[in-house]
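Here is the file work.txt (compact mmCIF, N, CA and C atoms).
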```txt
# COMPACT_ATOMS: atom_id res chain seq x y z
N MET L 80 -147.55 -130.73 119.07
CA MET L 80 -146.67 -130.52 117.92
C MET L 80 -146.30 -131.87 117.34
N GLY L 81 -146.20 -131.94 116.02
CA GLY L 81 -145.82 -133.16 115.33
C GLY L 81 -144.33 -133.42 115.40
N GLY L 82 -143.86 -134.32 114.53
CA GLY L 82 -142.44 -134.66 114.51
C GLY L 82 -141.61 -133.60 113.84
N TRP L 83 -140.31 -133.82 113.86
CA TRP L 83 -139.36 -132.89 113.27
C TRP L 83 -139.35 -133.00 111.75
N LYS L 84 -139.14 -131.88 111.08
CA LYS L 84 -138.87 -131.88 109.65
C LYS L 84 -137.41 -132.24 109.43
N LEU L 85 -137.08 -132.70 108.23
CA LEU L 85 -135.68 -132.98 107.92
C LEU L 85 -134.89 -131.68 107.83
N PRO L 86 -133.68 -131.66 108.38
CA PRO L 86 -132.88 -130.44 108.32
C PRO L 86 -132.22 -130.28 106.96
N PRO L 87 -131.82 -129.05 106.61
CA PRO L 87 -130.99 -128.87 105.41
C PRO L 87 -129.68 -129.63 105.61
N LYS L 88 -129.10 -130.12 104.52
CA LYS L 88 -127.86 -130.91 104.64
C LYS L 88 -126.74 -130.12 105.28
N ALA L 89 -126.77 -128.81 105.19
CA ALA L 89 -125.73 -127.99 105.82
C ALA L 89 -125.67 -128.23 107.32
N LYS L 90 -126.80 -128.55 107.92
CA LYS L 90 -126.83 -128.76 109.37
C LYS L 90 -126.06 -130.03 109.76
N ILE L 91 -125.99 -130.99 108.86
CA ILE L 91 -125.18 -132.19 109.12
C ILE L 91 -123.71 -131.82 109.12
N TYR L 92 -123.30 -131.03 108.15
CA TYR L 92 -121.91 -130.58 108.09
C TYR L 92 -121.55 -129.72 109.31
N GLU L 93 -122.46 -128.85 109.70
CA GLU L 93 -122.22 -128.02 110.89
C GLU L 93 -122.06 -128.89 112.13
N ALA L 94 -122.87 -129.93 112.23
CA ALA L 94 -122.78 -130.83 113.38
C ALA L 94 -121.44 -131.56 113.38
N LEU L 95 -121.00 -132.02 112.22
CA LEU L 95 -119.69 -132.68 112.13
C LEU L 95 -118.57 -131.75 112.58
N THR L 96 -118.66 -130.48 112.18
CA THR L 96 -117.67 -129.51 112.60
C THR L 96 -117.69 -129.32 114.12
N ALA L 97 -118.88 -129.22 114.69
CA ALA L 97 -118.99 -129.06 116.14
C ALA L 97 -118.36 -130.23 116.88
N VAL L 98 -118.61 -131.44 116.39
CA VAL L 98 -118.02 -132.64 117.00
C VAL L 98 -116.50 -132.61 116.86
N ALA L 99 -116.02 -132.35 115.66
CA ALA L 99 -114.57 -132.33 115.41
C ALA L 99 -113.85 -131.26 116.23
N ASP L 100 -114.52 -130.14 116.44
CA ASP L 100 -113.93 -129.03 117.19
C ASP L 100 -114.05 -129.21 118.71
N GLY L 101 -114.73 -130.25 119.14
CA GLY L 101 -114.90 -130.47 120.57
C GLY L 101 -115.83 -129.48 121.24
N ARG L 102 -116.81 -128.99 120.48
CA ARG L 102 -117.73 -127.99 121.01
C ARG L 102 -119.00 -128.58 121.61
N VAL L 103 -119.05 -129.91 121.73
CA VAL L 103 -120.19 -130.59 122.35
C VAL L 103 -119.75 -131.05 123.74
N ASN L 104 -120.43 -130.55 124.76
CA ASN L 104 -120.07 -130.85 126.14
C ASN L 104 -121.26 -131.52 126.84
N LEU L 105 -121.15 -132.83 127.07
CA LEU L 105 -122.21 -133.53 127.79
C LEU L 105 -122.16 -133.09 129.25
N LYS L 106 -123.30 -132.63 129.76
CA LYS L 106 -123.37 -132.11 131.13
C LYS L 106 -124.01 -133.09 132.10
N GLY L 107 -124.52 -134.14 131.59
CA GLY L 107 -125.19 -135.15 132.42
C GLY L 107 -125.77 -136.21 131.53
N ASP L 108 -126.62 -137.05 132.10
CA ASP L 108 -127.20 -138.13 131.32
C ASP L 108 -128.21 -137.66 130.28
N GLU L 109 -128.75 -136.45 130.47
CA GLU L 109 -129.81 -135.99 129.57
C GLU L 109 -129.68 -134.52 129.17
N THR L 110 -128.47 -133.96 129.28
CA THR L 110 -128.25 -132.55 128.94
C THR L 110 -126.86 -132.37 128.33
N ALA L 111 -126.78 -131.47 127.36
CA ALA L 111 -125.49 -131.12 126.77
C ALA L 111 -125.50 -129.64 126.40
N GLU L 112 -124.31 -129.08 126.28
CA GLU L 112 -124.13 -127.72 125.77
C GLU L 112 -123.33 -127.82 124.48
N VAL L 113 -123.73 -127.03 123.49
CA VAL L 113 -123.02 -126.99 122.21
C VAL L 113 -122.67 -125.53 121.94
N LEU L 114 -121.38 -125.26 121.79
CA LEU L 114 -120.90 -123.90 121.52
C LEU L 114 -121.00 -123.62 120.02
N SER L 115 -121.47 -122.44 119.67
CA SER L 115 -121.60 -122.06 118.26
C SER L 115 -120.23 -121.94 117.61
N SER L 116 -120.21 -121.96 116.27
CA SER L 116 -118.94 -121.94 115.54
C SER L 116 -118.16 -120.64 115.75
N ASP L 117 -118.86 -119.55 116.05
CA ASP L 117 -118.15 -118.29 116.31
C ASP L 117 -117.92 -118.05 117.80
N GLY L 118 -118.36 -118.98 118.62
CA GLY L 118 -118.12 -118.91 120.06
C GLY L 118 -118.98 -117.93 120.82
N THR L 119 -119.99 -117.36 120.18
CA THR L 119 -120.81 -116.34 120.84
C THR L 119 -122.06 -116.88 121.52
N LYS L 120 -122.44 -118.11 121.20
CA LYS L 120 -123.67 -118.68 121.76
C LYS L 120 -123.41 -120.09 122.27
N THR L 121 -124.12 -120.42 123.32
CA THR L 121 -124.12 -121.79 123.83
C THR L 121 -125.54 -122.30 123.77
N TYR L 122 -125.73 -123.40 123.06
CA TYR L 122 -127.05 -124.00 122.92
C TYR L 122 -127.19 -125.13 123.94
N ILE L 123 -128.37 -125.24 124.50
CA ILE L 123 -128.67 -126.29 125.47
C ILE L 123 -129.52 -127.34 124.76
N VAL L 124 -129.07 -128.59 124.84
CA VAL L 124 -129.81 -129.71 124.28
C VAL L 124 -130.20 -130.61 125.44
N GLU L 125 -131.49 -130.96 125.50
CA GLU L 125 -132.00 -131.84 126.54
C GLU L 125 -132.81 -132.96 125.90
N TRP L 126 -132.77 -134.14 126.51
CA TRP L 126 -133.47 -135.28 125.97
C TRP L 126 -133.96 -136.19 127.07
N SER L 127 -134.93 -137.03 126.72
CA SER L 127 -135.43 -138.03 127.66
C SER L 127 -134.47 -139.22 127.69
N ALA L 128 -134.56 -140.02 128.72
CA ALA L 128 -133.63 -141.15 128.89
C ALA L 128 -133.63 -142.08 127.68
N ASP L 129 -134.79 -142.27 127.06
CA ASP L 129 -134.87 -143.17 125.91
C ASP L 129 -134.67 -142.44 124.57
N LEU L 130 -134.35 -141.16 124.62
CA LEU L 130 -134.19 -140.30 123.44
C LEU L 130 -135.47 -140.19 122.61
N GLY L 131 -136.59 -140.53 123.20
CA GLY L 131 -137.87 -140.39 122.52
C GLY L 131 -138.28 -138.93 122.37
N GLN L 132 -137.71 -138.09 123.22
CA GLN L 132 -137.94 -136.65 123.16
C GLN L 132 -136.60 -135.96 123.24
N ILE L 133 -136.43 -134.92 122.43
CA ILE L 133 -135.19 -134.15 122.43
C ILE L 133 -135.53 -132.72 122.02
N THR L 134 -134.85 -131.78 122.63
CA THR L 134 -135.12 -130.38 122.34
C THR L 134 -133.83 -129.56 122.44
N SER L 135 -133.84 -128.41 121.80
CA SER L 135 -132.70 -127.50 121.85
C SER L 135 -133.21 -126.07 121.70
N ASN L 136 -132.43 -125.13 122.22
CA ASN L 136 -132.83 -123.73 122.11
C ASN L 136 -132.19 -123.03 120.91
N ASP L 137 -131.62 -123.78 119.95
CA ASP L 137 -131.11 -123.13 118.74
C ASP L 137 -132.30 -122.72 117.87
N ASN L 138 -132.09 -121.72 117.02
CA ASN L 138 -133.18 -121.16 116.22
C ASN L 138 -133.86 -122.18 115.33
N ALA L 139 -133.09 -123.05 114.69
CA ALA L 139 -133.68 -124.02 113.78
C ALA L 139 -134.62 -124.96 114.52
N SER L 140 -134.17 -125.48 115.64
CA SER L 140 -134.98 -126.42 116.40
C SER L 140 -136.18 -125.74 117.04
N TYR L 141 -135.98 -124.53 117.52
CA TYR L 141 -137.03 -123.83 118.24
C TYR L 141 -138.07 -123.21 117.31
N TRP L 142 -137.62 -122.57 116.23
CA TRP L 142 -138.53 -121.81 115.38
C TRP L 142 -138.85 -122.47 114.04
N GLN L 143 -137.92 -123.20 113.46
CA GLN L 143 -138.11 -123.71 112.11
C GLN L 143 -138.71 -125.11 112.05
N GLY L 144 -138.67 -125.83 113.16
CA GLY L 144 -139.32 -127.14 113.19
C GLY L 144 -138.46 -128.28 112.66
N TYR L 145 -137.21 -128.02 112.37
CA TYR L 145 -136.31 -129.11 112.00
C TYR L 145 -135.19 -129.20 113.03
N ILE L 146 -134.59 -130.36 113.10
CA ILE L 146 -133.52 -130.59 114.06
C ILE L 146 -132.31 -129.76 113.65
N GLY L 147 -131.88 -128.88 114.53
CA GLY L 147 -130.72 -128.05 114.27
C GLY L 147 -129.43 -128.81 114.53
N TYR L 148 -128.32 -128.21 114.12
CA TYR L 148 -127.04 -128.89 114.26
C TYR L 148 -126.67 -129.24 115.70
N PRO L 149 -127.09 -128.46 116.73
CA PRO L 149 -126.74 -128.89 118.09
C PRO L 149 -127.32 -130.27 118.45
N ILE L 150 -128.55 -130.52 118.08
CA ILE L 150 -129.15 -131.84 118.36
C ILE L 150 -128.42 -132.92 117.56
N ILE L 151 -128.16 -132.66 116.30
CA ILE L 151 -127.46 -133.64 115.46
C ILE L 151 -126.08 -133.95 116.05
N ALA L 152 -125.36 -132.92 116.47
CA ALA L 152 -124.03 -133.11 117.04
C ALA L 152 -124.09 -133.94 118.33
N VAL L 153 -125.07 -133.67 119.16
CA VAL L 153 -125.22 -134.45 120.40
C VAL L 153 -125.52 -135.91 120.08
N LEU L 154 -126.40 -136.15 119.12
CA LEU L 154 -126.70 -137.53 118.73
C LEU L 154 -125.46 -138.24 118.20
N MET L 155 -124.59 -137.52 117.52
CA MET L 155 -123.33 -138.10 117.06
C MET L 155 -122.43 -138.47 118.24
N VAL L 156 -122.28 -137.53 119.18
CA VAL L 156 -121.43 -137.77 120.34
C VAL L 156 -121.98 -138.93 121.19
N LEU L 157 -123.29 -139.03 121.28
CA LEU L 157 -123.90 -140.12 122.04
C LEU L 157 -123.83 -141.47 121.32
N GLY L 158 -123.36 -141.45 120.08
CA GLY L 158 -123.26 -142.69 119.31
C GLY L 158 -124.56 -143.13 118.68
N ARG L 159 -125.55 -142.25 118.62
CA ARG L 159 -126.85 -142.58 118.03
C ARG L 159 -126.90 -142.28 116.54
N LEU L 160 -125.96 -141.48 116.05
CA LEU L 160 -125.81 -141.21 114.62
C LEU L 160 -124.36 -141.53 114.25
N ASP L 161 -124.19 -142.44 113.32
CA ASP L 161 -122.84 -142.79 112.87
C ASP L 161 -122.27 -141.68 112.00
N PHE L 162 -120.95 -141.51 112.07
CA PHE L 162 -120.27 -140.56 111.20
C PHE L 162 -118.84 -141.01 111.01
N ASP L 163 -118.24 -140.53 109.94
CA ASP L 163 -116.86 -140.84 109.60
C ASP L 163 -115.96 -139.79 110.27
N GLY L 164 -115.12 -140.23 111.19
CA GLY L 164 -114.24 -139.31 111.91
C GLY L 164 -113.29 -138.56 111.01
N THR L 165 -112.85 -139.20 109.92
CA THR L 165 -111.95 -138.53 108.99
C THR L 165 -112.67 -137.36 108.31
N VAL L 166 -113.92 -137.58 107.97
CA VAL L 166 -114.71 -136.51 107.36
C VAL L 166 -114.91 -135.39 108.37
N ALA L 167 -115.25 -135.74 109.60
CA ALA L 167 -115.44 -134.71 110.63
C ALA L 167 -114.17 -133.88 110.80
N GLN L 168 -113.03 -134.54 110.87
CA GLN L 168 -111.77 -133.81 111.03
C GLN L 168 -111.49 -132.89 109.84
N ALA L 169 -111.86 -133.34 108.66
CA ALA L 169 -111.67 -132.50 107.46
C ALA L 169 -112.51 -131.22 107.55
N LEU L 170 -113.61 -131.29 108.29
CA LEU L 170 -114.51 -130.14 108.43
C LEU L 170 -114.23 -129.31 109.68
N SER L 171 -113.22 -129.67 110.44
CA SER L 171 -112.95 -128.94 111.69
C SER L 171 -112.51 -127.51 111.39
N GLY L 172 -112.87 -126.64 112.31
CA GLY L 172 -112.44 -125.24 112.23
C GLY L 172 -113.21 -124.38 111.25
N ILE L 173 -114.25 -124.91 110.66
CA ILE L 173 -115.02 -124.12 109.69
C ILE L 173 -115.94 -123.15 110.43
N ALA L 174 -115.88 -121.89 110.05
CA ALA L 174 -116.70 -120.83 110.66
C ALA L 174 -118.03 -120.74 109.92
N TRP L 175 -118.92 -121.67 110.21
CA TRP L 175 -120.18 -121.76 109.47
C TRP L 175 -121.00 -120.49 109.54
N LYS L 176 -121.10 -119.88 110.71
CA LYS L 176 -121.92 -118.67 110.85
C LYS L 176 -121.41 -117.57 109.91
N LYS L 177 -120.11 -117.41 109.86
CA LYS L 177 -119.51 -116.39 108.99
C LYS L 177 -119.81 -116.70 107.52
N ILE L 178 -119.62 -117.93 107.13
CA ILE L 178 -119.85 -118.32 105.73
C ILE L 178 -121.32 -118.16 105.37
N GLU L 179 -122.21 -118.60 106.27
CA GLU L 179 -123.65 -118.48 105.99
C GLU L 179 -124.06 -117.01 105.88
N SER L 180 -123.47 -116.16 106.68
CA SER L 180 -123.76 -114.72 106.59
C SER L 180 -123.32 -114.16 105.24
N GLN L 181 -122.17 -114.62 104.76
CA GLN L 181 -121.64 -114.14 103.47
C GLN L 181 -122.54 -114.53 102.31
N VAL L 182 -123.28 -115.63 102.43
CA VAL L 182 -124.16 -116.08 101.34
C VAL L 182 -125.63 -115.89 101.70
N ARG L 183 -125.87 -114.97 102.64
CA ARG L 183 -127.23 -114.60 103.07
C ARG L 183 -128.06 -115.82 103.49
N ASN L 184 -127.43 -116.69 104.26
CA ASN L 184 -128.07 -117.88 104.82
C ASN L 184 -128.61 -118.84 103.76
N ASP L 185 -128.01 -118.83 102.59
CA ASP L 185 -128.32 -119.84 101.58
C ASP L 185 -127.44 -121.05 101.92
N TYR L 186 -128.02 -122.01 102.63
CA TYR L 186 -127.25 -123.14 103.16
C TYR L 186 -126.57 -123.96 102.07
N ASP L 187 -127.25 -124.13 100.94
CA ASP L 187 -126.63 -124.89 99.84
C ASP L 187 -125.38 -124.18 99.32
N LYS L 188 -125.43 -122.87 99.20
CA LYS L 188 -124.25 -122.11 98.76
C LYS L 188 -123.13 -122.20 99.79
N ALA L 189 -123.49 -122.16 101.07
CA ALA L 189 -122.47 -122.27 102.12
C ALA L 189 -121.77 -123.62 102.04
N VAL L 190 -122.54 -124.68 101.87
CA VAL L 190 -121.95 -126.02 101.76
C VAL L 190 -121.07 -126.11 100.52
N GLU L 191 -121.53 -125.59 99.41
CA GLU L 191 -120.75 -125.63 98.18
C GLU L 191 -119.42 -124.90 98.35
N ARG L 192 -119.46 -123.76 99.00
CA ARG L 192 -118.23 -122.99 99.23
C ARG L 192 -117.25 -123.79 100.09
N VAL L 193 -117.75 -124.40 101.15
CA VAL L 193 -116.90 -125.20 102.03
C VAL L 193 -116.34 -126.41 101.29
N LEU L 194 -117.19 -127.10 100.55
CA LEU L 194 -116.73 -128.30 99.84
C LEU L 194 -115.73 -127.97 98.75
N LEU L 195 -115.90 -126.84 98.10
CA LEU L 195 -114.93 -126.43 97.09
C LEU L 195 -113.56 -126.21 97.73
N ASN L 196 -113.53 -125.51 98.83
CA ASN L 196 -112.27 -125.29 99.55
C ASN L 196 -111.71 -126.60 100.09
N LEU L 197 -112.58 -127.47 100.55
CA LEU L 197 -112.15 -128.76 101.08
C LEU L 197 -111.47 -129.59 100.01
N ASP L 198 -112.02 -129.56 98.82
CA ASP L 198 -111.44 -130.33 97.72
C ASP L 198 -110.06 -129.79 97.36
N VAL L 199 -109.93 -128.48 97.33
CA VAL L 199 -108.65 -127.85 97.00
C VAL L 199 -107.62 -128.16 98.09
N GLU L 200 -108.03 -128.06 99.35
CA GLU L 200 -107.09 -128.22 100.46
C GLU L 200 -106.75 -129.67 100.77
N THR L 201 -107.73 -130.58 100.70
CA THR L 201 -107.49 -131.94 101.19
C THR L 201 -107.79 -133.04 100.17
N GLY L 202 -108.54 -132.70 99.14
CA GLY L 202 -108.94 -133.73 98.19
C GLY L 202 -109.99 -134.68 98.74
N LEU L 203 -110.63 -134.33 99.86
CA LEU L 203 -111.61 -135.21 100.50
C LEU L 203 -113.05 -134.95 100.09
N ARG L 204 -113.27 -134.05 99.16
CA ARG L 204 -114.65 -133.71 98.81
C ARG L 204 -115.47 -134.95 98.43
N GLN L 205 -114.93 -135.83 97.63
CA GLN L 205 -115.67 -137.01 97.21
C GLN L 205 -116.06 -137.87 98.41
N ARG L 206 -115.14 -138.03 99.34
CA ARG L 206 -115.43 -138.83 100.52
C ARG L 206 -116.51 -138.17 101.38
N VAL L 207 -116.45 -136.85 101.52
CA VAL L 207 -117.42 -136.12 102.34
C VAL L 207 -118.82 -136.21 101.72
N THR L 208 -118.93 -136.03 100.43
CA THR L 208 -120.25 -136.00 99.80
C THR L 208 -120.81 -137.38 99.55
N SER L 209 -120.01 -138.42 99.64
CA SER L 209 -120.55 -139.77 99.40
C SER L 209 -121.10 -140.41 100.66
N LYS L 210 -120.96 -139.78 101.79
CA LYS L 210 -121.44 -140.35 103.06
C LYS L 210 -122.87 -140.00 103.30
```

Mind turning the file's structure into structure tokens?
Amino acid sequence: MGGWKLPPKAKIYEALTAVADGRVNLKGDETAEVLSSDGTKTYIVEWSADLGQITSNDNASYWQGYIGYPIIAVLMVLGRLDFDGTVAQALSGIAWKKIESQVRNDYDKAVERVLLNLDVETGLRQRVTSK
């Protein structure tokens, strides 16, 4: 199998929410568990010591060929992907699965809905989208 495809931008936001919510649990030097936003699933992320190989059992990573939010969230927690903690906190508590279901898994619409609410509630939309 070749390399990973780029994920939809919604997966970055989902990963930030997972990190902010404390849903990423490192289980060892090369394994982590990531709890889904609705709390019904636990994803297992495993990687090689040099991070040259990484895998997860979430649907995006397993079936779609792009890195799903559990892998992105783990890379953030491991310090391999930089992120703005203020932005992550602004995205905490978002029920991504519920929102994505409401928009029939149109990830761009889900992100737009979240960012619209974020702007109304916190005024941080510009900061979130400029990162």

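As for CA of Glu109 (chain L) and CA of Trp126 (chain L), they are spaced 5.2 Å apart.
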
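With only C-alpha atoms as the atoms that count, the residue of L:Gly107, L:Leu114, L:Ala99, L:Ala128 with the shortest distance to Lys176 (chain L) is L:Leu114.
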
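Proximity to Asp117 (chain L) was assessed for L:Leu195, L:Ile91, L:Ala174, L:Ala97 counting all atoms listed in the file; the smallest distance is recorded for L:Ala174.
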
### Query
Just asking: which residues within chain L are strand (DSSP E or B) according to DSSP, as a PyMOL selection string?
chain L and resi 84+103-105+110-114+121-126+133-135+145

Output for the residues just chosen: N, CA and C atoms as a CSV table (one decimal), keeping the file's coordinate frame:
```csv
chain,number,residue,atom,x,y,z
L,84,LYS,N,-139.1,-131.9,111.1
L,84,LYS,CA,-138.9,-131.9,109.6
L,84,LYS,C,-137.4,-132.2,109.4
L,103,VAL,N,-119.0,-129.9,121.7
L,103,VAL,CA,-120.2,-130.6,122.4
L,103,VAL,C,-119.8,-131.0,123.7
L,104,ASN,N,-120.4,-130.6,124.8
L,104,ASN,CA,-120.1,-130.8,126.1
L,104,ASN,C,-121.3,-131.5,126.8
L,105,LEU,N,-121.2,-132.8,127.1
L,105,LEU,CA,-122.2,-133.5,127.8
L,105,LEU,C,-122.2,-133.1,129.2
L,110,THR,N,-128.5,-134.0,129.3
L,110,THR,CA,-128.2,-132.6,128.9
L,110,THR,C,-126.9,-132.4,128.3
L,111,ALA,N,-126.8,-131.5,127.4
L,111,ALA,CA,-125.5,-131.1,126.8
L,111,ALA,C,-125.5,-129.6,126.4
L,112,GLU,N,-124.3,-129.1,126.3
L,112,GLU,CA,-124.1,-127.7,125.8
L,112,GLU,C,-123.3,-127.8,124.5
L,113,VAL,N,-123.7,-127.0,123.5
L,113,VAL,CA,-123.0,-127.0,122.2
L,113,VAL,C,-122.7,-125.5,121.9
L,114,LEU,N,-121.4,-125.3,121.8
L,114,LEU,CA,-120.9,-123.9,121.5
L,114,LEU,C,-121.0,-123.6,120.0
L,121,THR,N,-124.1,-120.4,123.3
L,121,THR,CA,-124.1,-121.8,123.8
L,121,THR,C,-125.5,-122.3,123.8
L,122,TYR,N,-125.7,-123.4,123.1
L,122,TYR,CA,-127.0,-124.0,122.9
L,122,TYR,C,-127.2,-125.1,123.9
L,123,ILE,N,-128.4,-125.2,124.5
L,123,ILE,CA,-128.7,-126.3,125.5
L,123,ILE,C,-129.5,-127.3,124.8
L,124,VAL,N,-129.1,-128.6,124.8
L,124,VAL,CA,-129.8,-129.7,124.3
L,124,VAL,C,-130.2,-130.6,125.4
L,125,GLU,N,-131.5,-131.0,125.5
L,125,GLU,CA,-132.0,-131.8,126.5
L,125,GLU,C,-132.8,-133.0,125.9
L,126,TRP,N,-132.8,-134.1,126.5
L,126,TRP,CA,-133.5,-135.3,126.0
L,126,TRP,C,-134.0,-136.2,127.1
L,133,ILE,N,-136.4,-134.9,122.4
L,133,ILE,CA,-135.2,-134.2,122.4
L,133,ILE,C,-135.5,-132.7,122.0
L,134,THR,N,-134.8,-131.8,122.6
L,134,THR,CA,-135.1,-130.4,122.3
L,134,THR,C,-133.8,-129.6,122.4
L,135,SER,N,-133.8,-128.4,121.8
L,135,SER,CA,-132.7,-127.5,121.8
L,135,SER,C,-133.2,-126.1,121.7
L,145,TYR,N,-137.2,-128.0,112.4
L,145,TYR,CA,-136.3,-129.1,112.0
L,145,TYR,C,-135.2,-129.2,113.0
```

### Message
Residues within 7 Å of region 85-89 of chain L, please, as number ranges by chain. Count only C-alpha atoms; anything in the same chain fewer than 2 positions from it doesn't count.
### Response
L: 83, 91-93, 145-147, 186-187, 190

### Task
Please return, as a ChimeraX atom specification, all polymer residues that have at least one atom within 12 Å of the point (-120.5, -139.5, 116.3); use only C-alpha atoms and the file's own coordinate frame.
/L:91,94-99,101,103,150-168

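Around the coordinate (-130.4, -130.0, 127.3), residues that reach within 5 Å when counting all atoms listed in the file are Glu109, Thr110, Ala111, Ile123, Val124, Glu125 and Trp126 of chain L.
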
#### Entry: Among listed residues L:Ser115, L:Ser140, L:Leu130, L:Lys90, nearest Arg102 (chain L) (using all atoms listed in the file)
L:Ser115

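Distance annotation: of L:Gly82, L:Leu197, L:Ala189, L:Ser171, the residue with the minimal separation from Ile133 (chain L) is L:Gly82; atom set is only C-alpha atoms.
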
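Here the question is which of L:Ile173, L:Val182, L:Val113, L:Val193 gets nearest to Asp137 (chain L) using only C-alpha atoms, and that residue is L:Val113.
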
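Nearest-residue note for Lys177 (chain L): choosing from L:Leu194, L:Lys106, L:Asn136, L:Ser116, the minimum distance belongs to L:Ser116, counting all atoms listed in the file.
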
### Query
What is the distance, in Å and to one decimal place, between atom C of Asn104 (chain L) and atom C of Tyr122 (chain L)?
9.2 Å

Work out where the centre of an axis-aligned box around every listed atom of region 118-137 of chain L lies and how long its edges are once 4 Å is added on each side; give both in Å to one decimal as lines of an AutoDock Vina configuration file.
```
center_x = -128.2
center_y = -129.8
center_z = 123.4
size_x = 28.2
size_y = 34.8
size_z = 19.0
```

### Message
Run DSSP on the backbone and tell me which residues of region 116-194 of chain L come out as helix (DSSP H, G or I); list them as JSON, numbers by chain.
### Response
{"L": [138, 139, 140, 141, 142, 143, 148, 149, 150, 151, 152, 153, 154, 155, 156, 164, 165, 166, 167, 168, 169, 175, 176, 177, 178, 179, 180, 181, 186, 187, 188, 189, 190, 191, 192, 193, 194]}

### Task
Could you check how far atom N of Gly131 (chain L) sits from CA of Pro149 (chain L), in Å to one decimal?
16.1 Å
